[in-house]
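Text of run-v6.pdb, listed as PDB, C-alpha atoms and all ligand atoms:
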ATOM      1  CA  MET E   1      74.642  94.716  91.499
ATOM      2  CA  THR E   2      77.521  95.230  89.078
ATOM      3  CA  LYS E   3      79.919  92.344  88.678
ATOM      4  CA  GLN E   4      83.359  93.040  90.048
ATOM      5  CA  LYS E   5      86.105  93.234  87.443
ATOM      6  CA  ARG E   6      88.487  90.285  87.620
ATOM      7  CA  ILE E   7      92.046  91.579  87.549
ATOM      8  CA  GLY E   8      95.071  89.370  86.920
ATOM      9  CA  ILE E   9      98.618  90.549  87.526
ATOM     10  CA  PHE E  10     101.591  89.127  85.624
ATOM     11  CA  PRO E  11     104.721  90.320  87.453
ATOM     12  CA  GLY E  12     108.235  89.840  86.136
ATOM     13  CA  SER E  13     111.581  91.401  85.321
ATOM     14  CA  PHE E  14     110.985  91.342  81.535
ATOM     15  CA  ASP E  15     114.625  92.191  80.860
ATOM     16  CA  PRO E  16     113.805  91.983  77.988
ATOM     17  CA  ILE E  17     110.275  90.844  77.224
ATOM     18  CA  THR E  18     110.389  87.664  75.092
ATOM     19  CA  LEU E  19     107.996  85.858  72.772
ATOM     20  CA  GLY E  20     107.478  83.391  75.631
ATOM     21  CA  HIS E  21     106.261  86.186  77.925
ATOM     22  CA  LEU E  22     104.018  87.516  75.157
ATOM     23  CA  ASP E  23     102.467  84.116  74.557
ATOM     24  CA  LEU E  24     101.706  83.879  78.261
ATOM     25  CA  ILE E  25     100.239  87.397  78.300
ATOM     26  CA  GLU E  26      97.934  86.645  75.384
ATOM     27  CA  ARG E  27      96.701  83.441  77.037
ATOM     28  CA  ALA E  28      96.292  85.042  80.474
ATOM     29  CA  SER E  29      94.425  88.017  79.005
ATOM     30  CA  LYS E  30      91.608  85.606  78.124
ATOM     31  CA  LEU E  31      91.240  84.523  81.749
ATOM     32  CA  PHE E  32      90.706  87.981  83.269
ATOM     33  CA  ASP E  33      88.733  91.135  82.524
ATOM     34  CA  GLN E  34      91.975  93.042  82.845
ATOM     35  CA  LEU E  35      95.564  91.824  82.915
ATOM     36  CA  ILE E  36      98.250  94.050  84.385
ATOM     37  CA  VAL E  37     101.779  93.294  83.244
ATOM     38  CA  LEU E  38     103.804  94.491  86.200
ATOM     39  CA  VAL E  39     107.439  95.367  85.738
ATOM     40  CA  ALA E  40     108.907  94.552  89.123
ATOM     41  CA  THR E  41     112.426  94.964  90.413
ATOM     42  CA  ASN E  42     114.300  91.728  90.951
ATOM     43  CA  THR E  43     116.960  92.847  93.398
ATOM     44  CA  SER E  44     119.219  89.895  92.544
ATOM     45  CA  LYS E  45     119.440  90.589  88.798
ATOM     46  CA  LYS E  46     121.398  93.411  87.152
ATOM     47  CA  PRO E  47     119.193  94.809  84.375
ATOM     48  CA  MET E  48     120.228  95.197  80.716
ATOM     49  CA  LEU E  49     117.417  97.658  79.900
ATOM     50  CA  SER E  50     116.530 100.929  81.596
ATOM     51  CA  PRO E  51     113.132 100.992  83.358
ATOM     52  CA  GLU E  52     111.844 103.436  80.683
ATOM     53  CA  ASP E  53     112.905 101.225  77.758
ATOM     54  CA  LYS E  54     111.430  98.154  79.421
ATOM     55  CA  LEU E  55     108.088  99.807  79.970
ATOM     56  CA  ARG E  56     107.901 101.263  76.475
ATOM     57  CA  LEU E  57     108.867  97.980  74.782
ATOM     58  CA  ILE E  58     106.230  96.054  76.717
ATOM     59  CA  GLU E  59     103.569  98.703  76.071
ATOM     60  CA  GLU E  60     104.240  98.524  72.342
ATOM     61  CA  ALA E  61     104.227  94.734  72.320
ATOM     62  CA  VAL E  62     100.917  94.350  74.205
ATOM     63  CA  SER E  63      99.039  97.222  72.536
ATOM     64  CA  LYS E  64      97.112  94.755  70.345
ATOM     65  CA  TRP E  65      95.314  93.313  73.384
ATOM     66  CA  PRO E  66      92.782  95.869  74.660
ATOM     67  CA  ASN E  67      92.438  94.458  78.168
ATOM     68  CA  VAL E  68      96.182  94.353  78.873
ATOM     69  CA  VAL E  69      97.832  97.278  80.656
ATOM     70  CA  VAL E  70     101.403  97.791  81.821
ATOM     71  CA  ASP E  71     102.539  99.198  85.124
ATOM     72  CA  SER E  72     105.768  99.263  87.096
ATOM     73  CA  LEU E  73     106.666  98.706  90.692
ATOM     74  CA  PRO E  74     110.100 100.154  91.374
ATOM     75  CA  GLN E  75     109.601  99.936  95.145
ATOM     76  CA  GLY E  76     107.411  97.783  97.327
ATOM     77  CA  LEU E  77     106.011  94.295  97.413
ATOM     78  CA  ILE E  78     103.992  92.651  94.676
ATOM     79  CA  ALA E  79     101.645  91.298  97.350
ATOM     80  CA  THR E  80     100.873  94.830  98.542
ATOM     81  CA  TYR E  81     100.240  95.979  94.968
ATOM     82  CA  TYR E  82      97.939  92.965  94.484
ATOM     83  CA  GLN E  83      95.928  93.921  97.529
ATOM     84  CA  GLU E  84      95.676  97.576  96.535
ATOM     85  CA  LYS E  85      94.381  96.617  93.081
ATOM     86  CA  GLY E  86      91.862  94.134  94.498
ATOM     87  CA  ALA E  87      93.297  91.552  92.093
ATOM     88  CA  SER E  88      91.982  87.995  91.707
ATOM     89  CA  ALA E  89      95.277  86.251  90.948
ATOM     90  CA  LEU E  90      98.944  86.578  90.143
ATOM     91  CA  VAL E  91      99.940  84.851  86.926
ATOM     92  CA  ARG E  92     103.311  83.170  86.510
ATOM     93  CA  GLY E  93     104.802  80.853  83.913
ATOM     94  CA  ILE E  94     106.241  77.367  84.299
ATOM     95  CA  ARG E  95     108.813  76.096  81.815
ATOM     96  CA  ASN E  96     110.403  73.252  83.770
ATOM     97  CA  PRO E  97     110.705  71.679  87.249
ATOM     98  CA  ILE E  98     113.114  74.405  88.373
ATOM     99  CA  ASP E  99     110.519  77.089  87.622
ATOM    100  CA  PHE E 100     107.981  74.991  89.483
ATOM    101  CA  GLU E 101     110.134  74.809  92.618
ATOM    102  CA  TYR E 102     110.823  78.536  92.436
ATOM    103  CA  GLU E 103     107.197  79.491  91.873
ATOM    104  CA  ASN E 104     106.169  77.254  94.771
ATOM    105  CA  SER E 105     108.297  79.246  97.178
ATOM    106  CA  ILE E 106     107.222  82.609  95.777
ATOM    107  CA  ALA E 107     103.570  81.617  96.075
ATOM    108  CA  SER E 108     104.070  80.583  99.695
ATOM    109  CA  ILE E 109     105.993  83.719 100.571
ATOM    110  CA  ASN E 110     103.336  85.877  98.962
ATOM    111  CA  ARG E 111     100.728  84.142 101.105
ATOM    112  CA  THR E 112     102.625  85.131 104.235
ATOM    113  CA  GLN E 113     101.958  88.730 103.163
ATOM    114  CA  VAL E 114      98.405  88.462 101.849
ATOM    115  CA  GLU E 115      96.645  85.379 103.114
ATOM    116  CA  ASP E 116      94.138  84.914 100.306
ATOM    117  CA  LEU E 117      96.514  85.732  97.447
ATOM    118  CA  GLU E 118      96.009  83.310  94.545
ATOM    119  CA  THR E 119      98.688  82.307  92.055
ATOM    120  CA  VAL E 120      97.735  80.912  88.659
ATOM    121  CA  LEU E 121     100.517  78.988  86.928
ATOM    122  CA  LEU E 122     100.412  78.602  83.166
ATOM    123  CA  TYR E 123     102.594  76.106  81.326
ATOM    124  CA  ALA E 124     104.916  77.543  78.702
ATOM    125  CA  ARG E 125     104.185  76.441  75.179
ATOM    126  CA  ASP E 126     106.660  73.788  73.958
ATOM    127  CA  GLU E 127     108.419  76.124  71.533
ATOM    128  CA  TYR E 128     109.124  78.647  74.318
ATOM    129  CA  ARG E 129     110.098  76.203  77.020
ATOM    130  CA  HIS E 130     113.806  76.927  76.592
ATOM    131  CA  LEU E 131     113.422  80.658  76.187
ATOM    132  CA  SER E 132     114.464  82.996  78.980
ATOM    133  CA  SER E 133     115.509  86.644  79.193
ATOM    134  CA  SER E 134     118.961  85.521  80.395
ATOM    135  CA  LEU E 135     119.487  83.401  77.273
ATOM    136  CA  VAL E 136     118.365  86.331  75.147
ATOM    137  CA  LYS E 137     120.996  88.502  76.860
ATOM    138  CA  GLU E 138     123.629  85.836  76.207
ATOM    139  CA  ILE E 139     122.751  85.625  72.508
ATOM    140  CA  ALA E 140     122.536  89.415  72.230
ATOM    141  CA  HIS E 141     125.998  89.716  73.758
ATOM    142  CA  PHE E 142     127.448  87.545  70.991
ATOM    143  CA  LYS E 143     125.316  89.257  68.339
ATOM    144  CA  GLY E 144     123.287  86.140  67.493
ATOM    145  CA  ASP E 145     119.911  85.892  65.753
ATOM    146  CA  LEU E 146     117.114  87.080  68.058
ATOM    147  CA  SER E 147     114.287  87.004  65.532
ATOM    148  CA  ARG E 148     112.590  83.888  66.957
ATOM    149  CA  LEU E 149     113.072  84.940  70.568
ATOM    150  CA  VAL E 150     111.928  88.528  71.097
ATOM    151  CA  PRO E 151     109.651  91.036  69.331
ATOM    152  CA  GLU E 152     111.039  93.379  66.652
ATOM    153  CA  ASN E 153     111.097  96.473  68.859
ATOM    154  CA  VAL E 154     113.346  94.692  71.389
ATOM    155  CA  ILE E 155     115.775  93.688  68.633
ATOM    156  CA  ARG E 156     116.037  97.322  67.544
ATOM    157  CA  VAL E 157     116.867  98.544  71.063
ATOM    158  CA  ILE E 158     119.446  95.791  71.598
ATOM    159  CA  GLU E 159     121.085  96.558  68.251
ATOM    160  CA  ASN E 160     121.255 100.253  69.132
ATOM    161  CA  GLN E 161     122.774  99.514  72.538
ATOM    162  CA  SER E 162     125.616  97.526  70.994
ATOM    163  CA  LYS E 163     126.541 100.208  68.433
TER     164      LYS E 163
HETATM  165  P1  LIG I   1     111.341  87.022  87.276
HETATM  166  O1  LIG I   1     112.647  87.714  87.542
HETATM  167  O2  LIG I   1     110.218  87.523  88.117
HETATM  168  O3  LIG I   1     111.418  85.520  87.225
HETATM  169  P2  LIG I   1     111.039  86.935  84.375
HETATM  170  O4  LIG I   1     110.808  88.094  83.454
HETATM  171  O5  LIG I   1     112.283  86.140  84.174
HETATM  172  O6  LIG I   1     110.932  87.560  85.817
HETATM  173  O7  LIG I   1     109.801  85.945  84.295
HETATM  174  C1  LIG I   1     108.496  86.355  84.602
HETATM  175  C2  LIG I   1     107.561  85.164  84.535
HETATM  176  O8  LIG I   1     107.465  84.720  83.191
HETATM  177  C3  LIG I   1     108.028  83.952  85.358
HETATM  178  O9  LIG I   1     106.898  83.335  85.943
HETATM  179  C4  LIG I   1     108.639  83.046  84.328
HETATM  180  O10 LIG I   1     108.544  81.692  84.719
HETATM  181  C5  LIG I   1     107.754  83.344  83.128
HETATM  182  N1  LIG I   1     108.432  83.068  81.876
HETATM  183  C6  LIG I   1     109.668  83.472  81.527
HETATM  184  N2  LIG I   1     109.986  83.027  80.280
HETATM  185  C7  LIG I   1     108.906  82.319  79.852
HETATM  186  C8  LIG I   1     108.611  81.580  78.667
HETATM  187  N3  LIG I   1     109.506  81.433  77.701
HETATM  188  N4  LIG I   1     107.392  80.999  78.560
HETATM  189  C9  LIG I   1     106.509  81.109  79.579
HETATM  190  N5  LIG I   1     106.737  81.758  80.737
HETATM  191  C10 LIG I   1     107.909  82.361  80.871
END
Before anything else, please render the file you have as structure tokens.
Ligand code: ADP
Amino acid sequence: MTKQKRIGIFPGSFDPITLGHLDLIERASKLFDQLIVLVATNTSKKPMLSPEDKLRLIEEAVSKWPNVVVDSLPQGLIATYYQEKGASALVRGIRNPIDFEYENSIASINRTQVEDLETVLLYARDEYRHLSSSLVKEIAHFKGDLSRLVPENVIRVIENQSK
């Protein structure tokens, strides 16, 4: 009998992808046979990047990890996607107690949709604990230094947008 492939899904807005997200992706990729980075629509946030730019920037940034793939979910529930993929767990990151509270409710809500859905929470590394896409947007707006916050390709797109 062939062993079933363990698939992890890391959903997020990634607007834009940060070094904190990438650290989490690298660590999570070691826990699964395949990790899907899923660009999902957060209906309460107005995006800075177009869906195409987001996808391309993430694909470029994760190309060094062979078992990481990128997909997008413009419509529909993450829980439904999880079920369709036969995934083993959703991966999310925890930077602070606020994230923890938030992730708690998402995990519970997801379980109302798919009863056996598992959520794996990974702690952010200390150096990325204060890093969020919203702070990146704030710093980008005032043309600050993004070099320790996001990958090179993201900096290029942001610089082009503000020209
Ligand atoms: P969402 O809108 O779904 O919260 P985000 O792109 O903001 O999307 O975050 C996706 C996931 O990545 C969340 O679980 C978040 O806690 C986690 N995350 C965000 N920034 C970091 C970071 N600096 N280090 C580790 N995890 C992070």
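Applied to the file shown here, the PyMOL selection byres (((not hetatm)) within 7 of (chain I and resi 1)) selects Pro11, Gly12, Ser13, Phe14, Asp15, Ile17, Thr18, Leu19, Gly20, His21, Leu24, Asn42, Arg92, Gly93, Ile94, Arg95, Asp99, Tyr123, Ala124, Arg125, Tyr128, Arg129, His130, Leu131, Ser132 and Ser133 of chain E.
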(request) Please write the residues picked by the PyMOL selection byres (((chain E and resi 48-58) around 10) and not hetatm) on this file as a PyMOL selection string. (result) chain E and resi 13-18+21-22+37-41+45-47+59-63+69-72+74+133-134+137+151-154+157-158+161
(request) Give me, please, the distance in Å between atom CA of His141 of chain E and atom CA of Ile25 of chain E, quoted to one decimal. (result)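 Interatomic distance here is 26.3 Å.
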(request) Using all atoms listed in the file, pick whichever of E:Asp116, E:Asp33, E:Glu84, E:Asp23 has the shortest atom-to-atom distance to Leu149 of chain E. (result) E:Asp23
(request) Check which residues satisfy the PyMOL selection byres (((chain E and resi 34) around 10) and not hetatm) in the file shown, then give them as a list of chain:residue names. (result) E:Lys5, E:Arg6, E:Ile7, E:Gly8, E:Ile9, E:Ala28, E:Ser29, E:Lys30, E:Leu31, E:Phe32, E:Asp33, E:Leu35, E:Ile36, E:Val37, E:Pro66, E:Asn67, E:Val68, E:Val69, E:Ala87
(request) Please provide the set of residues having any atom within 8 Å of segment 107-115 of chain E, restricted to only C-alpha atoms, with same-chain residues fewer than 6 positions apart removed, written as a count of residues only. (result) 3
(request) Could you check how far atom CA of Leu117 of chain E sits from atom CA of Tyr81 of chain E, in Å to one decimal? (result) 11.2 Å
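Reported to one decimal place, the separation of atom CA of Arg27 of chain E from atom CA of Ser88 of chain E is 16.1 Å.
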(message) Between E:Gln75, E:Ile155, E:Ser105, E:Leu121, which residue has the minimum interatomic distance to Val136 of chain E, considering only C-alpha atoms?
(response)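 Closest to Val136 of chain E, using only C-alpha atoms: E:Ile155.
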Step by step, gather every atom of segment 113-120 of chain E that the file lists, find the box along x, y and z that holds them, add 8 Å on each side, and finally give centre and edge lengths in Å to one decimal, as lines of an AutoDock Vina configuration file.
center_x = 98.0
center_y = 84.8
center_z = 95.9
size_x = 23.8
size_y = 23.8
size_z = 30.5
